[in-house]
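Text of start-v1.tsv (TSV, C-alpha atoms and all ligand atoms) as supplied:
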chain	number	residue	atom	x	y	z
A	6	MET	CA	137.59	25.76	127.89
A	7	ILE	CA	140.82	26.77	129.63
A	8	ASN	CA	142.60	23.74	131.05
A	9	PHE	CA	144.32	23.86	134.39
A	10	ASN	CA	147.50	22.31	132.96
A	11	VAL	CA	148.81	21.39	129.53
A	12	PRO	CA	152.06	19.40	129.61
A	13	PRO	CA	154.97	21.28	128.07
A	14	CYS	CA	156.33	20.16	124.71
A	15	ALA	CA	159.18	21.77	122.80
A	16	GLU	CA	159.31	21.80	119.01
A	17	LYS	CA	162.47	19.68	118.86
A	18	ALA	CA	160.96	16.90	121.01
A	19	MET	CA	159.79	14.88	118.02
A	20	ASP	CA	163.22	15.04	116.32
A	21	TYR	CA	165.06	14.02	119.46
A	22	VAL	CA	162.73	11.16	120.36
A	23	LYS	CA	162.90	9.99	116.73
A	24	GLU	CA	166.69	10.01	116.96
A	25	CYS	CA	166.47	7.54	119.86
A	26	VAL	CA	164.08	5.31	117.93
A	27	VAL	CA	166.01	5.40	114.65
A	28	ASN	CA	169.34	4.75	116.35
A	29	GLN	CA	167.75	2.09	118.57
A	30	LYS	CA	169.17	3.81	121.63
A	31	ILE	CA	166.28	3.82	124.05
A	32	CYS	CA	167.65	2.42	127.32
A	33	GLY	CA	168.90	4.48	130.23
A	34	ASP	CA	171.96	6.73	130.48
A	35	GLY	CA	172.15	7.43	126.75
A	36	ILE	CA	173.13	10.65	125.00
A	37	PHE	CA	170.06	12.65	126.02
A	38	THR	CA	170.18	11.57	129.66
A	39	LYS	CA	173.79	12.80	129.80
A	40	LYS	CA	172.86	16.06	128.09
A	41	CYS	CA	170.10	16.62	130.69
A	42	ASN	CA	172.46	15.80	133.58
A	43	THR	CA	175.12	18.17	132.29
A	44	TRP	CA	172.58	20.92	131.62
A	45	ILE	CA	171.26	20.68	135.18
A	46	GLU	CA	174.77	20.58	136.65
A	47	GLU	CA	175.78	23.68	134.72
A	48	ARG	CA	172.60	25.62	135.41
A	49	THR	CA	172.35	24.82	139.11
A	50	GLY	CA	176.02	24.47	140.02
A	51	THR	CA	175.41	21.15	141.75
A	52	THR	CA	178.29	18.68	141.90
A	53	LYS	CA	176.37	15.88	140.25
A	54	CYS	CA	172.94	15.37	138.72
A	55	LEU	CA	171.43	11.98	137.97
A	56	LEU	CA	168.21	11.79	135.97
A	57	THR	CA	165.68	9.46	137.59
A	58	THR	CA	162.33	7.89	136.81
A	59	SER	CA	160.56	10.39	139.09
A	60	CYS	CA	161.04	12.89	141.87
A	61	THR	CA	159.57	10.27	144.17
A	62	HIS	CA	162.37	7.90	143.16
A	63	ALA	CA	165.00	10.62	143.49
A	64	THR	CA	163.80	11.16	147.06
A	65	GLU	CA	163.84	7.40	147.72
A	66	LEU	CA	167.39	7.30	146.42
A	67	ALA	CA	168.28	10.17	148.74
A	68	ALA	CA	166.71	8.34	151.70
A	69	LEU	CA	168.85	5.28	150.90
A	70	LEU	CA	171.98	7.42	150.57
A	71	ALA	CA	171.17	9.16	153.84
A	72	ASP	CA	171.03	5.72	155.45
A	73	ILE	CA	167.57	6.34	156.88
A	74	LYS	CA	166.69	3.45	159.23
A	75	PRO	CA	163.52	2.20	160.95
A	76	GLY	CA	162.59	4.52	163.81
A	77	ASP	CA	164.52	7.51	162.48
A	78	GLU	CA	162.58	10.76	162.43
A	79	VAL	CA	162.43	13.06	159.45
A	80	ILE	CA	161.06	16.59	159.81
A	81	MET	CA	158.91	17.93	156.98
A	82	PRO	CA	155.84	20.10	156.40
A	83	ALA	CA	152.41	18.41	156.49
A	84	TYR	CA	151.43	20.54	153.54
A	85	THR	CA	153.15	18.60	150.76
A	86	PHE	CA	152.71	15.82	148.26
A	87	VAL	CA	152.67	12.23	149.56
A	88	SER	CA	156.03	11.40	147.94
A	89	THR	CA	157.90	13.62	150.40
A	90	ALA	CA	156.82	11.29	153.21
A	91	ASP	CA	156.63	8.01	151.26
A	92	ALA	CA	160.35	7.91	150.51
A	93	PHE	CA	161.11	7.85	154.24
A	94	VAL	CA	158.15	5.71	155.34
A	95	LEU	CA	159.45	3.02	152.96
A	96	ARG	CA	162.64	2.98	155.07
A	97	GLY	CA	160.63	2.59	158.27
A	98	ALA	CA	161.20	6.19	159.33
A	99	VAL	CA	158.64	8.43	161.02
A	100	PRO	CA	157.66	11.64	159.24
A	101	VAL	CA	157.40	14.38	161.84
A	102	PHE	CA	155.15	17.06	160.42
A	103	VAL	CA	155.42	20.68	161.46
A	104	ASP	CA	153.30	23.68	160.62
A	105	ILE	CA	153.77	25.96	157.63
A	106	ARG	CA	154.12	29.71	157.23
A	107	PRO	CA	150.91	31.24	155.90
A	108	ASP	CA	152.75	33.63	153.57
A	109	THR	CA	154.65	31.06	151.47
A	110	MET	CA	152.96	27.77	152.49
A	111	ASN	CA	156.50	26.52	153.20
A	112	ILE	CA	157.71	24.81	156.38
A	113	ASP	CA	157.95	27.32	159.23
A	114	GLU	CA	161.69	27.30	159.87
A	115	LYS	CA	161.16	28.48	163.46
A	116	LEU	CA	159.27	25.27	164.28
A	117	ILE	CA	161.96	22.86	163.09
A	118	GLU	CA	164.30	23.06	166.07
A	119	PRO	CA	161.61	22.38	168.70
A	120	ALA	CA	160.65	19.21	166.76
A	121	ILE	CA	164.17	17.73	166.90
A	122	THR	CA	164.70	14.68	169.13
A	123	GLU	CA	167.63	12.29	169.49
A	124	LYS	CA	165.98	10.21	166.73
A	125	THR	CA	165.90	13.01	164.18
A	126	LYS	CA	168.01	12.21	161.15
A	127	ALA	CA	166.96	14.62	158.41
A	128	ILE	CA	165.05	17.76	157.49
A	129	VAL	CA	163.08	17.82	154.25
A	130	PRO	CA	162.16	21.34	153.16
A	131	VAL	CA	159.64	21.55	150.31
A	132	HIS	CA	159.89	24.65	148.10
A	133	TYR	CA	156.20	25.17	147.45
A	134	ALA	CA	155.31	26.84	144.14
A	135	GLY	CA	159.01	27.21	143.39
A	136	ILE	CA	159.37	29.77	146.18
A	137	ALA	CA	162.27	28.95	148.46
A	138	CYS	CA	162.12	27.93	152.10
A	139	GLU	CA	164.25	29.99	154.50
A	140	MET	CA	167.38	28.01	153.65
A	141	ASP	CA	169.91	30.01	155.72
A	142	THR	CA	168.03	29.14	158.90
A	143	ILE	CA	167.40	25.55	157.87
A	144	MET	CA	171.04	24.87	156.92
A	145	ASP	CA	172.18	26.44	160.18
A	146	ILE	CA	169.88	24.18	162.22
A	147	ALA	CA	171.05	21.15	160.25
A	148	ALA	CA	174.71	21.99	160.85
A	149	ARG	CA	174.25	22.53	164.59
A	150	HIS	CA	172.33	19.26	165.01
A	151	HIS	CA	174.29	17.22	162.45
A	152	LEU	CA	171.22	16.53	160.35
A	153	ILE	CA	171.01	15.64	156.69
A	154	VAL	CA	169.00	17.99	154.47
A	155	ILE	CA	167.07	16.59	151.52
A	156	GLU	CA	165.31	19.29	149.51
A	157	ASP	CA	162.05	18.39	147.85
A	158	ALA	CA	162.63	20.77	144.96
A	159	ALA	CA	160.05	19.00	142.77
A	160	GLN	CA	158.65	22.42	141.85
A	161	GLY	CA	161.92	24.29	142.18
A	162	ILE	CA	163.95	24.03	138.98
A	163	MET	CA	165.10	27.47	137.71
A	164	ALA	CA	164.29	29.05	141.09
A	165	SER	CA	166.82	30.31	143.60
A	166	TYR	CA	167.41	31.57	147.14
A	167	LYS	CA	169.93	34.38	147.58
A	168	GLY	CA	171.37	33.63	144.15
A	169	LYS	CA	171.81	29.88	144.70
A	170	ALA	CA	169.70	27.30	142.85
A	171	LEU	CA	167.07	25.37	144.80
A	172	GLY	CA	168.03	21.74	145.19
A	173	THR	CA	171.72	22.59	145.75
A	174	PHE	CA	171.64	23.57	149.44
A	175	GLY	CA	170.99	20.20	151.02
A	176	ASN	CA	173.07	17.03	150.81
A	177	PHE	CA	170.51	15.99	148.22
A	178	GLY	CA	167.87	17.74	146.14
A	179	ALA	CA	165.07	16.24	144.06
A	180	PHE	CA	163.49	17.73	140.93
A	181	SER	CA	160.34	16.49	139.24
A	182	PHE	CA	159.69	16.30	135.51
A	183	HIS	CA	156.15	15.02	135.87
A	184	GLU	CA	153.76	16.38	133.27
A	185	THR	CA	152.38	18.91	135.74
A	186	LYS	CA	155.77	20.54	136.28
A	187	ASN	CA	157.48	23.41	134.40
A	188	TYR	CA	159.61	20.99	132.37
A	189	SER	CA	158.43	17.48	131.74
A	190	MET	CA	159.37	14.06	130.44
A	191	GLY	CA	155.98	12.53	131.21
A	192	GLU	CA	157.27	10.80	134.32
A	193	GLY	CA	160.74	11.62	135.53
A	194	GLY	CA	162.93	13.49	137.95
A	195	ALA	CA	166.49	14.18	138.97
A	196	LEU	CA	168.67	13.72	142.02
A	197	LEU	CA	171.08	16.56	142.77
A	198	ILE	CA	174.10	15.54	144.83
A	199	ARG	CA	176.05	18.24	146.66
A	200	ASP	CA	179.04	16.29	147.93
A	201	GLU	CA	181.48	14.37	145.75
A	202	LYS	CA	181.68	11.63	148.42
A	203	ASP	CA	178.05	10.60	147.74
A	204	VAL	CA	178.29	10.37	143.95
A	205	GLU	CA	179.66	6.86	143.52
A	206	GLU	CA	177.19	5.28	145.93
A	207	ALA	CA	174.32	7.12	144.24
A	208	GLU	CA	175.36	5.77	140.85
A	209	ILE	CA	175.52	2.25	142.29
A	210	ILE	CA	172.13	2.32	144.01
A	211	ARG	CA	170.50	3.84	140.91
A	212	GLU	CA	171.95	0.99	138.81
A	213	LYS	CA	170.55	-1.96	140.81
A	214	GLY	CA	173.47	-2.01	143.21
A	215	THR	CA	176.05	-2.50	140.47
A	216	ASN	CA	179.08	-0.46	139.42
A	217	ARG	CA	177.87	-0.38	135.81
A	218	SER	CA	178.36	3.42	135.58
A	219	LYS	CA	182.07	2.95	136.26
A	220	PHE	CA	182.16	0.15	133.70
A	221	TYR	CA	180.61	2.40	131.03
A	222	ARG	CA	183.25	5.02	131.73
A	223	GLY	CA	185.92	2.40	131.18
A	224	GLN	CA	187.16	2.64	134.78
A	225	ILE	CA	186.72	-1.11	135.36
A	226	ASP	CA	186.59	-3.99	132.84
A	227	LYS	CA	183.53	-5.80	134.15
A	228	TYR	CA	180.69	-4.73	136.37
A	229	THR	CA	179.38	-6.53	139.39
A	230	TRP	CA	176.87	-6.42	142.21
A	231	VAL	CA	178.48	-4.34	144.96
A	232	ASN	CA	175.62	-3.00	147.11
A	233	PHE	CA	171.82	-2.97	147.50
A	234	GLY	CA	170.05	-0.97	144.86
A	235	SER	CA	167.12	-0.49	142.57
A	236	SER	CA	166.44	0.76	139.06
A	237	TYR	CA	166.00	4.49	139.00
A	238	LEU	CA	167.14	5.40	135.51
A	239	PRO	CA	164.69	6.54	132.86
A	240	SER	CA	164.63	5.59	129.19
A	241	ASP	CA	166.65	7.91	126.98
A	242	MET	CA	163.46	8.59	124.96
A	243	ASN	CA	161.99	10.37	127.95
A	244	ALA	CA	165.22	12.28	128.43
A	245	ALA	CA	165.14	13.29	124.74
A	246	TYR	CA	161.65	14.74	125.20
A	247	LEU	CA	162.85	16.68	128.26
A	248	TYR	CA	166.09	17.91	126.71
A	249	ALA	CA	164.19	19.72	123.97
A	250	GLN	CA	162.59	21.83	126.72
A	251	LEU	CA	165.79	22.39	128.68
A	252	GLU	CA	167.33	23.89	125.54
A	253	ILE	CA	164.64	26.57	125.63
A	254	ALA	CA	164.35	26.70	129.41
A	255	ASP	CA	164.72	30.46	129.62
A	256	GLU	CA	162.03	31.03	127.02
A	257	ILE	CA	159.64	28.74	128.92
A	258	ASN	CA	160.55	30.36	132.23
A	259	ASN	CA	160.06	33.89	130.90
A	260	ALA	CA	156.71	33.00	129.37
A	261	ARG	CA	155.53	31.55	132.69
A	262	LEU	CA	156.79	34.56	134.64
A	263	ALA	CA	154.92	36.90	132.27
A	264	LEU	CA	151.70	34.97	132.98
A	265	TRP	CA	152.36	35.00	136.72
A	266	ASN	CA	153.01	38.75	136.73
A	267	ARG	CA	149.87	39.37	134.67
A	268	TYR	CA	147.79	37.45	137.22
A	269	TYR	CA	149.40	39.36	140.04
A	270	GLU	CA	148.85	42.82	138.54
A	271	ASN	CA	145.30	42.02	137.49
A	272	LEU	CA	144.29	40.66	140.87
A	273	LEU	CA	146.17	43.12	143.07
A	274	PRO	CA	143.23	45.56	143.42
A	275	LEU	CA	141.02	42.68	144.57
A	276	ALA	CA	143.64	41.68	147.13
A	277	GLU	CA	144.03	45.28	148.29
A	278	ALA	CA	140.27	45.41	148.78
A	279	GLY	CA	140.63	42.39	151.09
A	280	LYS	CA	138.61	40.02	148.88
A	281	ILE	CA	141.35	37.49	148.17
A	282	GLU	CA	144.98	36.89	149.09
A	283	LEU	CA	147.89	36.63	146.67
A	284	PRO	CA	151.14	34.67	146.96
A	285	THR	CA	154.16	36.21	148.67
A	286	VAL	CA	157.68	36.02	147.29
A	287	PRO	CA	160.09	36.87	150.13
A	288	GLU	CA	163.16	38.95	149.46
A	289	GLY	CA	166.07	36.93	148.14
A	290	CYS	CA	163.78	34.41	146.46
A	291	VAL	CA	163.62	34.23	142.68
A	292	HIS	CA	160.73	31.97	141.72
A	293	ASN	CA	159.93	30.10	138.52
A	294	ALA	CA	156.20	30.76	138.18
A	295	HIS	CA	155.48	27.12	138.83
A	296	MET	CA	152.07	27.98	140.18
A	297	PHE	CA	149.69	30.87	140.59
A	298	TYR	CA	147.34	30.48	143.51
A	299	ILE	CA	144.91	32.72	145.33
A	300	LYS	CA	143.34	32.27	148.73
A	301	ALA	CA	139.62	32.64	149.27
A	302	LYS	CA	138.03	33.60	152.60
A	303	ASP	CA	137.31	30.00	153.57
A	304	ILE	CA	136.63	26.55	152.13
A	305	GLU	CA	132.99	27.41	151.27
A	306	GLU	CA	133.99	30.46	149.30
A	307	ARG	CA	136.76	28.51	147.60
A	308	THR	CA	134.33	25.78	146.52
A	309	ALA	CA	131.99	28.43	145.13
A	310	ARG	CA	134.82	30.20	143.32
A	311	ILE	CA	136.08	26.97	141.71
A	312	ALA	CA	132.51	26.16	140.60
A	313	ASP	CA	132.02	29.68	139.23
A	314	LEU	CA	135.23	29.47	137.20
A	315	LYS	CA	134.16	26.07	135.89
A	316	GLU	CA	130.83	27.50	134.74
A	317	ASN	CA	132.86	30.04	132.80
A	318	GLY	CA	134.98	27.35	131.18
A	319	ILE	CA	138.01	27.73	133.45
A	320	MET	CA	139.53	24.78	135.28
A	321	SER	CA	141.00	25.61	138.68
A	322	VAL	CA	141.90	23.17	141.44
A	323	PHE	CA	142.63	23.02	145.15
A	324	HIS	CA	145.84	21.40	146.34
A	325	TYR	CA	147.27	19.15	149.07
A	326	ILE	CA	145.16	17.59	151.77
A	327	PRO	CA	147.54	17.93	154.76
A	328	LEU	CA	149.35	14.63	155.26
A	329	HIS	CA	148.74	14.37	159.01
A	330	THR	CA	144.99	14.24	158.36
A	331	ALA	CA	145.28	11.40	155.81
A	332	PRO	CA	144.97	7.74	156.93
A	333	ALA	CA	148.60	6.93	156.02
A	334	GLY	CA	149.83	10.12	157.67
A	335	GLN	CA	148.12	9.12	160.89
A	336	LYS	CA	149.46	5.58	160.66
A	337	PHE	CA	153.08	6.43	159.89
A	338	GLY	CA	153.70	9.96	161.09
A	339	ARG	CA	152.93	12.51	163.76
A	340	PHE	CA	152.38	16.23	163.90
A	341	HIS	CA	154.63	18.16	166.23
A	342	GLY	CA	153.18	21.29	167.77
A	343	GLU	CA	150.01	23.05	166.79
A	344	ASP	CA	148.34	22.96	163.37
A	345	LYS	CA	147.76	26.68	163.28
A	346	TYR	CA	148.02	27.25	159.54
A	347	THR	CA	148.43	23.97	157.64
A	348	THR	CA	144.78	22.93	157.53
A	349	ALA	CA	143.24	26.41	157.60
A	350	GLU	CA	145.41	27.82	154.82
A	351	SER	CA	145.25	24.70	152.63
A	352	GLU	CA	141.45	24.91	152.71
A	353	ARG	CA	141.49	28.44	151.29
A	354	LEU	CA	144.03	27.90	148.53
A	355	MET	CA	143.08	27.42	144.86
A	356	ARG	CA	145.40	27.14	141.87
A	357	LEU	CA	144.65	28.93	138.62
A	358	PRO	CA	145.55	27.70	135.13
A	359	MET	CA	149.29	27.97	134.52
A	360	TYR	CA	151.20	26.36	131.68
A	361	TYR	CA	153.55	27.12	128.83
A	362	GLY	CA	151.21	28.11	126.00
A	363	LEU	CA	148.55	29.82	128.13
A	364	THR	CA	148.03	33.34	126.76
A	365	LEU	CA	147.94	36.71	128.48
A	366	ASP	CA	144.43	37.22	127.05
A	367	GLN	CA	143.32	34.03	128.72
A	368	VAL	CA	144.80	35.25	132.01
A	369	ASP	CA	142.88	38.52	131.61
A	370	TYR	CA	139.67	36.58	131.04
A	371	ILE	CA	140.32	34.41	134.12
A	372	CYS	CA	141.01	37.49	136.25
A	373	ASP	CA	137.87	39.25	134.96
A	374	THR	CA	135.84	36.19	135.90
A	375	ILE	CA	137.36	36.15	139.38
A	376	LYS	CA	136.59	39.85	139.81
A	377	LYS	CA	132.95	39.40	138.73
A	378	PHE	CA	132.38	36.68	141.34
A	401	LIG	C1	155.28	16.65	141.88
A	401	LIG	C2	155.80	16.55	143.25
A	401	LIG	C3	156.40	15.39	143.73
A	401	LIG	C4	156.42	14.09	142.97
A	401	LIG	O1	157.03	14.16	141.73
A	401	LIG	P1	157.04	12.86	140.80
A	401	LIG	O2	158.06	13.22	139.75
A	401	LIG	O3	155.66	12.71	140.24
A	401	LIG	O4	157.45	11.70	141.60
A	401	LIG	C5	156.94	15.39	144.99
A	401	LIG	N1	156.90	16.49	145.76
A	401	LIG	C6	156.32	17.62	145.36
A	401	LIG	C7	156.33	18.81	146.26
A	401	LIG	C8	155.74	17.69	144.09
A	401	LIG	O5	155.15	18.83	143.70
Give the structure from this file in structure tokens form.
Ligand SMILES: *Cc1c(COP(=O)(O)O)cnc(C)c1O
Amino acid sequence: MINFNVPPCAEKAMDYVKECVVNQKICGDGIFTKKCNTWIEERTGTTKCLLTTSCTHATELAALLADIKPGDEVIMPAYTFVSTADAFVLRGAVPVFVDIRPDTMNIDEKLIEPAITEKTKAIVPVHYAGIACEMDTIMDIAARHHLIVIEDAAQGIMASYKGKALGTFGNFGAFSFHETKNYSMGEGGALLIRDEKDVEEAEIIREKGTNRSKFYRGQIDKYTWVNFGSSYLPSDMNAAYLYAQLEIADEINNARLALWNRYYENLLPLAEAGKIELPTVPEGCVHNAHMFYIKAKDIEERTARIADLKENGIMSVFHYIPLHTAPAGQKFGRFHGEDKYTTAESERLMRLPMYYGLTLDQVDYICDTIKKF
């Protein structure tokens, strides 16, 4: 059987986790957490990176830093994971969903401006499949309307837009290291902070509202409760597991890209014959092969295709149920404009197996099976 996902694990993971255990250094902000933060800062060029317990928590932290208040409106696509909305709903804000572009499944940047009201506080672009949103347009809208931008870059590490890393455009960016992502620590994430002015407050909120980070750096001689906060720092054991992968990040990325390209080449004739649709990578976007999806004709054909793959020992899955159609989405949010593509396109999309360790032969077999259908 070919699984849909196998969590990534690097050879050194065992040594590094063992180091934490042997040295009895397992709490947060240890050596490996710092190594991960520095690695991400150097690779992305962000001002500051703070490892967190999840991407969901990184987004929550961003919502707190952005001072999101009850009644504020936050513009985001309806085609996304629940966390994108949850972080703001927890602050009493209203997610305002807009339609996506059918080519990338990303927020349609042309629909953002019409959705802005005097209550709008932030825009949350989601880089689906590690393929960038149209960030030039989005940053321009944000600047003209004085809005905060929080990038849900859960799937976006190692991907870029016009040469700049995803997660570094907005005031804040959030990565995920969940086991379904390109690099994983089981559960985990990271907050990327663009502006120096937000760093200290982020450290405080992440450390239960205390200035413990400053204390550890020897900048103050005792730490105290200075603001509201929560606990968003992961155990150093999880960071150790992740760091082993970051050390070989290019190798993992190249292996994934080779799989992605193999899918694409294999399935191109089928797409050219109009039987399926393939993902689009707009110019200026360098993606990270987070996902390979195809689109069937409609939901019935997709269901049949998923079942056919399963009969042939291949696990494929559909993806997000649009948030505005979910009970919580209806309770907390609203859809602005027309749902022209969100529901229709999401019903056609299916994700094929993609993980570090999948082989090109397996991809060939999957593609052959798709062609036979
Ligand atoms: C995975 C994912 C999340 C949540 O990440 P966690 O680390 O599990 O909290 C949020 N948004 C998107 C787009 C994701 O793909």
Would you list the residues that come within 8 Å of ligand LIG 401 (chain A)? Count all atoms listed in the file and give the answer as number ranges by chain. A: 58-63, 85-89, 131-133, 157-160, 180-183, 185-186, 192-194
Let's have the selection written as an mmCIF file, keeping the file's coordinate frame, with C-alpha atoms.
data_model
loop_
_atom_site.group_PDB
_atom_site.id
_atom_site.type_symbol
_atom_site.label_atom_id
_atom_site.label_comp_id
_atom_site.auth_asym_id
_atom_site.auth_seq_id
_atom_site.Cartn_x
_atom_site.Cartn_y
_atom_site.Cartn_z
ATOM 1 C CA THR A 58 162.330 7.890 136.810
ATOM 2 C CA SER A 59 160.560 10.390 139.090
ATOM 3 C CA CYS A 60 161.040 12.890 141.870
ATOM 4 C CA THR A 61 159.570 10.270 144.170
ATOM 5 C CA HIS A 62 162.370 7.900 143.160
ATOM 6 C CA ALA A 63 165.000 10.620 143.490
ATOM 7 C CA THR A 85 153.150 18.600 150.760
ATOM 8 C CA PHE A 86 152.710 15.820 148.260
ATOM 9 C CA VAL A 87 152.670 12.230 149.560
ATOM 10 C CA SER A 88 156.030 11.400 147.940
ATOM 11 C CA THR A 89 157.900 13.620 150.400
ATOM 12 C CA VAL A 131 159.640 21.550 150.310
ATOM 13 C CA HIS A 132 159.890 24.650 148.100
ATOM 14 C CA TYR A 133 156.200 25.170 147.450
ATOM 15 C CA ASP A 157 162.050 18.390 147.850
ATOM 16 C CA ALA A 158 162.630 20.770 144.960
ATOM 17 C CA ALA A 159 160.050 19.000 142.770
ATOM 18 C CA GLN A 160 158.650 22.420 141.850
ATOM 19 C CA PHE A 180 163.490 17.730 140.930
ATOM 20 C CA SER A 181 160.340 16.490 139.240
ATOM 21 C CA PHE A 182 159.690 16.300 135.510
ATOM 22 C CA HIS A 183 156.150 15.020 135.870
ATOM 23 C CA THR A 185 152.380 18.910 135.740
ATOM 24 C CA LYS A 186 155.770 20.540 136.280
ATOM 25 C CA GLU A 192 157.270 10.800 134.320
ATOM 26 C CA GLY A 193 160.740 11.620 135.530
ATOM 27 C CA GLY A 194 162.930 13.490 137.950
#
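Here atom CA of Asn266 of chain A and atom CA of Asp366 of chain A stand 13.0 Å from one another.
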Contact table segment 24-122 of chain A vs segment 233-255 of chain A, cut-off 7 Å, shortest pair per residue, all atoms listed in the file, as a Markdown table:
| residue | atom | partner | partner_atom | distance |
| --- | --- | --- | --- | --- |
| A:Cys25 | CA | A:Met242 | CA | 6.0 |
| A:Ile31 | CA | A:Asp241 | CA | 5.0 |
| A:Cys32 | CA | A:Ser240 | CA | 4.8 |
| A:Gly33 | CA | A:Ser240 | CA | 4.5 |
| A:Asp34 | CA | A:Asp241 | CA | 6.5 |
| A:Gly35 | CA | A:Asp241 | CA | 5.5 |
| A:Phe37 | CA | A:Ala245 | CA | 5.1 |
| A:Thr38 | CA | A:Ala244 | CA | 5.2 |
| A:Cys41 | CA | A:Tyr248 | CA | 5.8 |
| A:Leu56 | CA | A:Leu238 | CA | 6.5 |
| A:Thr57 | CA | A:Leu238 | CA | 4.8 |
| A:Thr58 | CA | A:Pro239 | CA | 4.8 |
| A:His62 | CA | A:Tyr237 | CA | 6.5 |
Neighbouring residues of Asn8 of chain A were defined as those with any atom within 7 Å, considering all atoms listed in the file; residues of the same chain fewer than 3 positions away were excluded. Please report them as a ChimeraX atom specification. /A:11,319-320,358
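Using only C-alpha atoms, the contacts of Ala301 of chain A at a cut-off of 9 Å, with sequence neighbours closer than 5 positions omitted, comprise A:Lys280, A:Ile281, A:Glu282, A:Glu306, A:Arg307, A:Arg310, A:Glu352, A:Arg353, A:Leu354, A:Met355.
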If I put a ball of radius 12 Å at (136.0, 27.1, 145.3) in the file's coordinates, which residues poke into it when counting only C-alpha atoms, written as a PDB file with C-alpha atoms, in the frame of the given file?
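Okay, this is what ended up in result-v9.pdb:
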ATOM      1  CA  TYR A 298     147.340  30.480 143.510  1.00  0.00           C
ATOM      2  CA  ILE A 299     144.910  32.720 145.330  1.00  0.00           C
ATOM      3  CA  LYS A 300     143.340  32.270 148.730  1.00  0.00           C
ATOM      4  CA  ALA A 301     139.620  32.640 149.270  1.00  0.00           C
ATOM      5  CA  LYS A 302     138.030  33.600 152.600  1.00  0.00           C
ATOM      6  CA  ASP A 303     137.310  30.000 153.570  1.00  0.00           C
ATOM      7  CA  ILE A 304     136.630  26.550 152.130  1.00  0.00           C
ATOM      8  CA  GLU A 305     132.990  27.410 151.270  1.00  0.00           C
ATOM      9  CA  GLU A 306     133.990  30.460 149.300  1.00  0.00           C
ATOM     10  CA  ARG A 307     136.760  28.510 147.600  1.00  0.00           C
ATOM     11  CA  THR A 308     134.330  25.780 146.520  1.00  0.00           C
ATOM     12  CA  ALA A 309     131.990  28.430 145.130  1.00  0.00           C
ATOM     13  CA  ARG A 310     134.820  30.200 143.320  1.00  0.00           C
ATOM     14  CA  ILE A 311     136.080  26.970 141.710  1.00  0.00           C
ATOM     15  CA  ALA A 312     132.510  26.160 140.600  1.00  0.00           C
ATOM     16  CA  ASP A 313     132.020  29.680 139.230  1.00  0.00           C
ATOM     17  CA  LEU A 314     135.230  29.470 137.200  1.00  0.00           C
ATOM     18  CA  LYS A 315     134.160  26.070 135.890  1.00  0.00           C
ATOM     19  CA  GLU A 316     130.830  27.500 134.740  1.00  0.00           C
ATOM     20  CA  MET A 320     139.530  24.780 135.280  1.00  0.00           C
ATOM     21  CA  SER A 321     141.000  25.610 138.680  1.00  0.00           C
ATOM     22  CA  VAL A 322     141.900  23.170 141.440  1.00  0.00           C
ATOM     23  CA  PHE A 323     142.630  23.020 145.150  1.00  0.00           C
ATOM     24  CA  HIS A 324     145.840  21.400 146.340  1.00  0.00           C
ATOM     25  CA  GLU A 352     141.450  24.910 152.710  1.00  0.00           C
ATOM     26  CA  ARG A 353     141.490  28.440 151.290  1.00  0.00           C
ATOM     27  CA  LEU A 354     144.030  27.900 148.530  1.00  0.00           C
ATOM     28  CA  MET A 355     143.080  27.420 144.860  1.00  0.00           C
ATOM     29  CA  ARG A 356     145.400  27.140 141.870  1.00  0.00           C
ATOM     30  CA  LEU A 357     144.650  28.930 138.620  1.00  0.00           C
ATOM     31  CA  ILE A 375     137.360  36.150 139.380  1.00  0.00           C
ATOM     32  CA  PHE A 378     132.380  36.680 141.340  1.00  0.00           C
TER      33      PHE A 378
END
Using all atoms listed in the file: which of A:His150, A:Ala164, A:Ala92, A:Lys336 has the shortest distance to Glu123 of chain A: A:His150
